[in-house]
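For reference, the structure is listed below as structure tokens.
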Amino acid sequence: MDFKLVAEYKPTGDQPEAIEQLTEVIRSGASNATLMGVTGSGKTFTIANVIAELNRPILVLSHNKTLAAQLYGEFKNFFPENAVEYFVSYYDYYQPEAYLPTTDTYIEKDLSINDEIEKLRLKTVATLLSGRRDVIVVSSVSCLYGCGNPEDFHKTAINIRVGETYNRRHFLYSLVEALYTRTELELQPATFRVTGETIDIMAAFGEFGNQCFRVVFFDDEVEAIYSIDPATGHKISSLDSVTLYPTNLFVTTQERINTAISEIYVDLGKQLDYFEKEGREMEAQRLKQRVEYDLEMIKELGYCSGIENYSRYFDGRPAGSRPFCLIDFFPEDFITIVDESHVTLPQVHGMFGGDRARKENLVEYGFRLPAAKDNRPLKFHEFEALTPTKIYVSATPAAYELTKCEGLVIEQLIRPTGLIDPPLDVRITNQQIDDLLELINSTVRKGDKVMVTTITKRMAEELSKYLDRIGIRNRYIHSDVDTLDRIQILEDLRDDMIDVLVGVNLLREGLDMPEVSLVAILDADKEGFLRNIRSITQISGRAARHSNGHVVLYADKITDSMILAIEESNRRREKQIRYNLENGIMPRQAQKSGKGQSTLLGDKAERPADINVYPLYEDHYAAPQAADTQTNYLTGTNLDKLITQARHDMERAAKSLDFLAAARYRDRMYELQKLRDDNKEIKL
């Protein structure tokens with residue numbers, strides 16, 4: 001089936017040219033293409049048109065789960081008749097296993113899996129294995145982490161058709177091998193129930209709206225297959241065939257399990273010999289107890305805690321080889337769209353190093369076998385090799401993208417609204433605060449909002465205090481401000497509770513707010529990460545959604561980054577103004593942004609199937625205080641209740657795909673756990 005793009009509008013401005021150029025570049029056999037699109041120019045719509053033209057499977061790679069969810073919703077709307085899938089980390093929270101030798105502290109792995117997201121991950125893999133070509137997978141960098149062997153996953157899938165001869169007992173064994181569980185009670189996902197010659201099965205996820213099936217045997221012949229209501233058992237429709245996929249991405253055969261156990265014993269012996277020769281009896285004893293316990297669990301139950309550390313054996317991979325990942329499930333001619341490539345690619349670069357440093361300590365001190373190091377994310381060169389065709393999308397492409405495209409960049413500078421880039425005005429730092437106050441007052445009197453970005457956290461806080469003293473409604477925002485508090489601050493700005501937002505790196509909030517007409521950049525001449533050409537351009541773009549957008553750079557000298565940013569802004573403005581004049585377009589103000597990140601996903605018409613959106617309530621965790629400290633009021637029982645509540649809120653937020661809120665509740669849970677542990681130590 002071909003991709004069928006559904007949209008109420010057609011490409012305008014320079015979108016048609018960008019679509020044509022991107023399509024031509026990829027069809028010509030080029031490995032890399034770059035789309036440089038300004039904020040608000042409709043880059044996602046352009047990419048959707050390119051996808052419809054090329055008709056090849058697509059992987060859209062985003063640098064965080066929240067943005068991935070937004071992209072999923074947009075592509076779902078653009079391609080309602082095609083397969084748009086969502087693949088992100090299924091952990092509501094995740095504390096990896098680690099050992100800190102300096103303090104002799106072992107940290108156990110702690111996690112909570114979101115069942116709904118796990119279903120979406122399984123559905124993604126099943127769709128890719130189904131042979132469909134009209135597939136778009138929107139993913140975070142989770143797609144680069146270890147995954148099951150595609151060959152084993154495909155082998156374990158059960159294909160059954162009406163009229164075929166299929167041994168009933170063998171069919172039941174196949175269900176168990178695919179990790180389905182037999183039950184006599186109500187059907188739940190990944191379970192089956194046997195009644196005489198009838199087998200009711202509830203799949204791990206729904207495909208085309210179906211999730212529960214009834215297979216009726218007559219002797220060894222499949223007499224009928226039905227889609228049924230799992231609650232009542234009533235037949236919904238008759239089916240000619242059904243494919244039941246495994247309930248877990250990490251699935252393997254019994255033969256491979258037996259082989260893996262033998263190999264683990266061999267490597268255990270080698271590592272024990274190494275520790276004994278080094279005279280490290282404690283490490284040897286620790287490793288022996290842990291691995292032998294894991295092996296007993298695998299023999300009896302088929303799995304153990306931390307089984308991913310043995311993935312190399314179950315995958316049949318040689319030592320040092322890369323793990324399988326989601327990309328291995330794609331056909332060879334797929335295309336990778338790297339969204340916000342200037343942020344996403346550095347994230348891909350850094351994943352391997354952090355994982356390896358943690359694993360080295362676990363192996364060195366006898367907590368894991370050396371094979372644990374092969375359960376890892378992809379190295380960057382492996383990512384490059386697995387994704388031969390890539391389109392980079394960014395408002396400010398980095399040197400890597402420009403090098404890969406040999407300097408050939410496809411531009412998209414015209415906004416459908418006719419808005420032009422804000423002018424960049426440079427002013428000296430002498431009496432800059434007085435000048436800034438005058439600008440703020442004139443902006444606020446018009447009913448608009450202001451963003452001020454500083455170079456340090458302390459400067460942001462001090463400036464915010466000063467604005468408080470003179471009666472300007474403001475808040476500061478930076479990485480030390482809790483996630484939910486940051487979200488609330490943005491909501492306050494939108495709801496006209498404050499007029500000025502002060503921050504260090506406001507880009508990290510993903511801010512696109514039409515309410516903001518003035519952006520002030522302090523210390524613009526301090527060359528570095530926060531004041532290079534990409535940062536200045538991105539920060540300036542925060543004022544690009546307002547018809548009277550204006551950017552002021554305070555500096556005592558003109559740096560190379562400032563020169564390049566100003567020249568680029570002037571070039572874009574010239575093209576945008578010329579286009580508007582030639583086409584008789586009057587710039588129109590972008591619509592108010594309305595609700596912020598905390599409710600953005602819940603308001604979409606299309607959201608991942610079966611995901612319920614829950615409201616986030618007020619903070620439950622504020623303890624009553626008078627003259628005493630919080631510790632005096634929070635007894636062990638109260639702390640346990642608050643920890644349980646925090647965990648519940650975290651899981652609820654994650655199920656709503658509000659990962660920023662989930663992170664905030666996770667941090668709160670950790671704080672309460674630490675407070676509980678400290679109280680226990682005090683009593684001891």
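The chains in the structure tokens are called A, B, ... from first to last as shown; in each chain the residues are counted from 1, and the ligands are counted from 1 in the order shown.
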
Q | Close residues, Ile563 (chain A) itself excluded, 12 Å, only C-alpha atoms, min 2 positions apart in chain, as a list in words | A |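 Here the answer would be Leu424, Asp425, Val426, Ala524, Asp525, Glu527, Arg531, Asn532, Ile533, Ile536, Thr537, Leu553, Lys557, Ile558, Thr559, Asp560, Ser561, Ala565, Ile566, Glu567, Glu568, Ser569 and Asn570 of chain A.
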
Any chance you can output those residues with N, CA, C and O atoms as a short mmCIF file (atom, residue, chain, number, x, y, z; two decimals), in the first residue's frame?
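Wrote it out as result_29.cif, contents follow:
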```
data_model
loop_
_atom_site.label_atom_id
_atom_site.label_comp_id
_atom_site.auth_asym_id
_atom_site.auth_seq_id
_atom_site.Cartn_x
_atom_site.Cartn_y
_atom_site.Cartn_z
N LEU A 424 17.67 41.67 14.57
CA LEU A 424 18.62 41.55 15.67
C LEU A 424 19.28 42.90 15.90
O LEU A 424 19.93 43.46 15.00
N ASP A 425 19.10 43.42 17.10
CA ASP A 425 19.58 44.76 17.46
C ASP A 425 20.67 44.61 18.51
O ASP A 425 20.46 44.00 19.56
N VAL A 426 21.87 45.14 18.25
CA VAL A 426 22.99 45.05 19.19
C VAL A 426 23.10 46.34 19.99
O VAL A 426 23.11 47.44 19.41
N ALA A 524 25.92 38.65 25.09
CA ALA A 524 25.91 38.01 23.77
C ALA A 524 27.31 37.84 23.21
O ALA A 524 27.51 37.04 22.28
N ASP A 525 28.30 38.57 23.75
CA ASP A 525 29.66 38.49 23.23
C ASP A 525 30.52 37.47 23.96
O ASP A 525 31.73 37.41 23.76
N GLU A 527 31.66 34.20 23.82
CA GLU A 527 31.71 33.05 22.90
C GLU A 527 31.69 31.74 23.68
O GLU A 527 32.34 31.62 24.72
N ARG A 531 26.47 30.87 23.40
CA ARG A 531 26.49 32.08 22.59
C ARG A 531 27.17 31.86 21.25
O ARG A 531 27.75 32.78 20.68
N ASN A 532 27.10 30.62 20.73
CA ASN A 532 27.62 30.40 19.38
C ASN A 532 26.52 30.73 18.38
O ASN A 532 25.39 31.07 18.75
N ILE A 533 26.83 30.60 17.09
CA ILE A 533 25.86 31.02 16.07
C ILE A 533 24.56 30.22 16.16
O ILE A 533 23.47 30.76 16.00
N ILE A 536 22.53 31.47 19.30
CA ILE A 536 21.97 32.80 19.07
C ILE A 536 20.80 32.72 18.09
O ILE A 536 19.74 33.34 18.29
N THR A 537 20.98 31.93 17.03
CA THR A 537 19.91 31.79 16.04
C THR A 537 18.68 31.12 16.63
O THR A 537 17.54 31.55 16.41
N LEU A 553 20.59 42.08 21.46
CA LEU A 553 21.80 41.44 21.95
C LEU A 553 22.64 42.50 22.68
O LEU A 553 23.03 43.51 22.08
N LYS A 557 31.42 43.94 22.39
CA LYS A 557 32.17 43.71 21.16
C LYS A 557 31.34 42.79 20.27
O LYS A 557 30.45 42.07 20.74
N ILE A 558 31.65 42.83 19.01
CA ILE A 558 30.94 41.99 18.05
C ILE A 558 31.77 40.74 17.79
O ILE A 558 32.88 40.83 17.25
N THR A 559 31.27 39.60 18.22
CA THR A 559 31.99 38.35 18.01
C THR A 559 31.68 37.78 16.63
O THR A 559 30.74 38.20 15.96
N ASP A 560 32.49 36.79 16.24
CA ASP A 560 32.26 36.13 14.96
C ASP A 560 30.88 35.48 14.93
O ASP A 560 30.18 35.51 13.90
N SER A 561 30.47 34.88 16.05
CA SER A 561 29.16 34.23 16.11
C SER A 561 28.04 35.24 15.93
O SER A 561 27.05 34.98 15.24
N ALA A 565 25.39 35.27 12.90
CA ALA A 565 23.96 35.18 13.22
C ALA A 565 23.20 36.36 12.63
O ALA A 565 22.09 36.20 12.09
N ILE A 566 23.77 37.56 12.70
CA ILE A 566 23.11 38.75 12.17
C ILE A 566 23.04 38.68 10.65
O ILE A 566 22.00 38.99 10.04
N GLU A 567 24.14 38.27 10.02
CA GLU A 567 24.14 38.15 8.56
C GLU A 567 23.11 37.13 8.09
O GLU A 567 22.38 37.36 7.11
N GLU A 568 23.03 36.00 8.79
CA GLU A 568 22.06 34.96 8.42
C GLU A 568 20.63 35.47 8.62
O GLU A 568 19.75 35.23 7.79
N SER A 569 20.40 36.20 9.72
CA SER A 569 19.07 36.75 9.98
C SER A 569 18.68 37.74 8.89
O SER A 569 17.54 37.72 8.38
N ASN A 570 19.61 38.60 8.51
CA ASN A 570 19.32 39.59 7.46
C ASN A 570 19.04 38.91 6.13
O ASN A 570 18.16 39.34 5.37
#
```

Please tabulate, as a Markdown table, the residues of region 263-339 of chain A that come within 12 Å of region 82-104 of chain A, each with its closest pair of atoms and the distance in Å to one decimal, counting only C-alpha atoms and ordering rows by chain, then residue number upward.
```
| residue | atom | partner | partner_atom | distance |
| --- | --- | --- | --- | --- |
| A:Ser305 | CA | A:Glu97 | CA | 11.1 |
| A:Gly306 | CA | A:Glu97 | CA | 9.0 |
| A:Glu308 | CA | A:Glu97 | CA | 11.8 |
| A:Asn309 | CA | A:Glu97 | CA | 10.7 |
| A:Cys325 | CA | A:Phe87 | CA | 11.7 |
| A:Leu326 | CA | A:Phe87 | CA | 8.9 |
| A:Ile327 | CA | A:Phe87 | CA | 11.3 |
```

Q) What gap, in Å, lies between CA of Lys390 (chain A) and CA of Asp355 (chain A)? A)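 CA of Asp355 (chain A) lies 25.4 Å from CA of Lys390 (chain A).
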
Q) Which distance in Å separates CA of Thr44 (chain A) and CA of Ala7 (chain A), to one decimal? A)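 Pair CA of Thr44 (chain A) / CA of Ala7 (chain A) returns 12.1 Å.
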
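For the residues A:Ile307, A:Val60, A:Val551, A:Ile26, ranking by smallest atom-to-atom distance to Val251 (chain A) using only C-alpha atoms places A:Ile307 first.
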
Q: May I ask which of the residues A:Phe192, A:Tyr72, A:Tyr400, A:Tyr245 is the closest one to Ile158 (chain A), counting only C-alpha atoms?
A: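 Going through A:Phe192, A:Tyr72, A:Tyr400, A:Tyr245 one by one, the smallest distance to Ile158 (chain A) is for A:Tyr245.
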
Q: Using DSSP on the backbone coordinates, identify the residues of region 329-539 of chain A assigned to helix (DSSP H, G or I); present them as JSON, numbers by chain.
A: {"A": [329, 341, 342, 343, 344, 345, 346, 347, 348, 349, 350, 351, 352, 353, 354, 355, 356, 357, 358, 359, 360, 361, 362, 363, 364, 370, 371, 372, 373, 374, 380, 381, 382, 383, 384, 385, 386, 399, 400, 401, 402, 403, 404, 432, 433, 434, 435, 436, 437, 438, 439, 440, 441, 442, 443, 444, 445, 457, 458, 459, 460, 461, 462, 463, 464, 465, 466, 467, 468, 469, 483, 484, 485, 486, 487, 488, 489, 490, 491, 492, 493, 494, 506, 507, 508, 509, 529, 530, 531, 533, 534, 535, 536, 537, 538, 539]}

Q.
Under the rule that only C-alpha atoms are counted, which of A:Val452, A:Ile225, A:Asp485, A:Tyr476 is the nearest residue to Asp523 (chain A)?
A.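 Nearest candidate to Asp523 (chain A) out of A:Val452, A:Ile225, A:Asp485, A:Tyr476: A:Val452.
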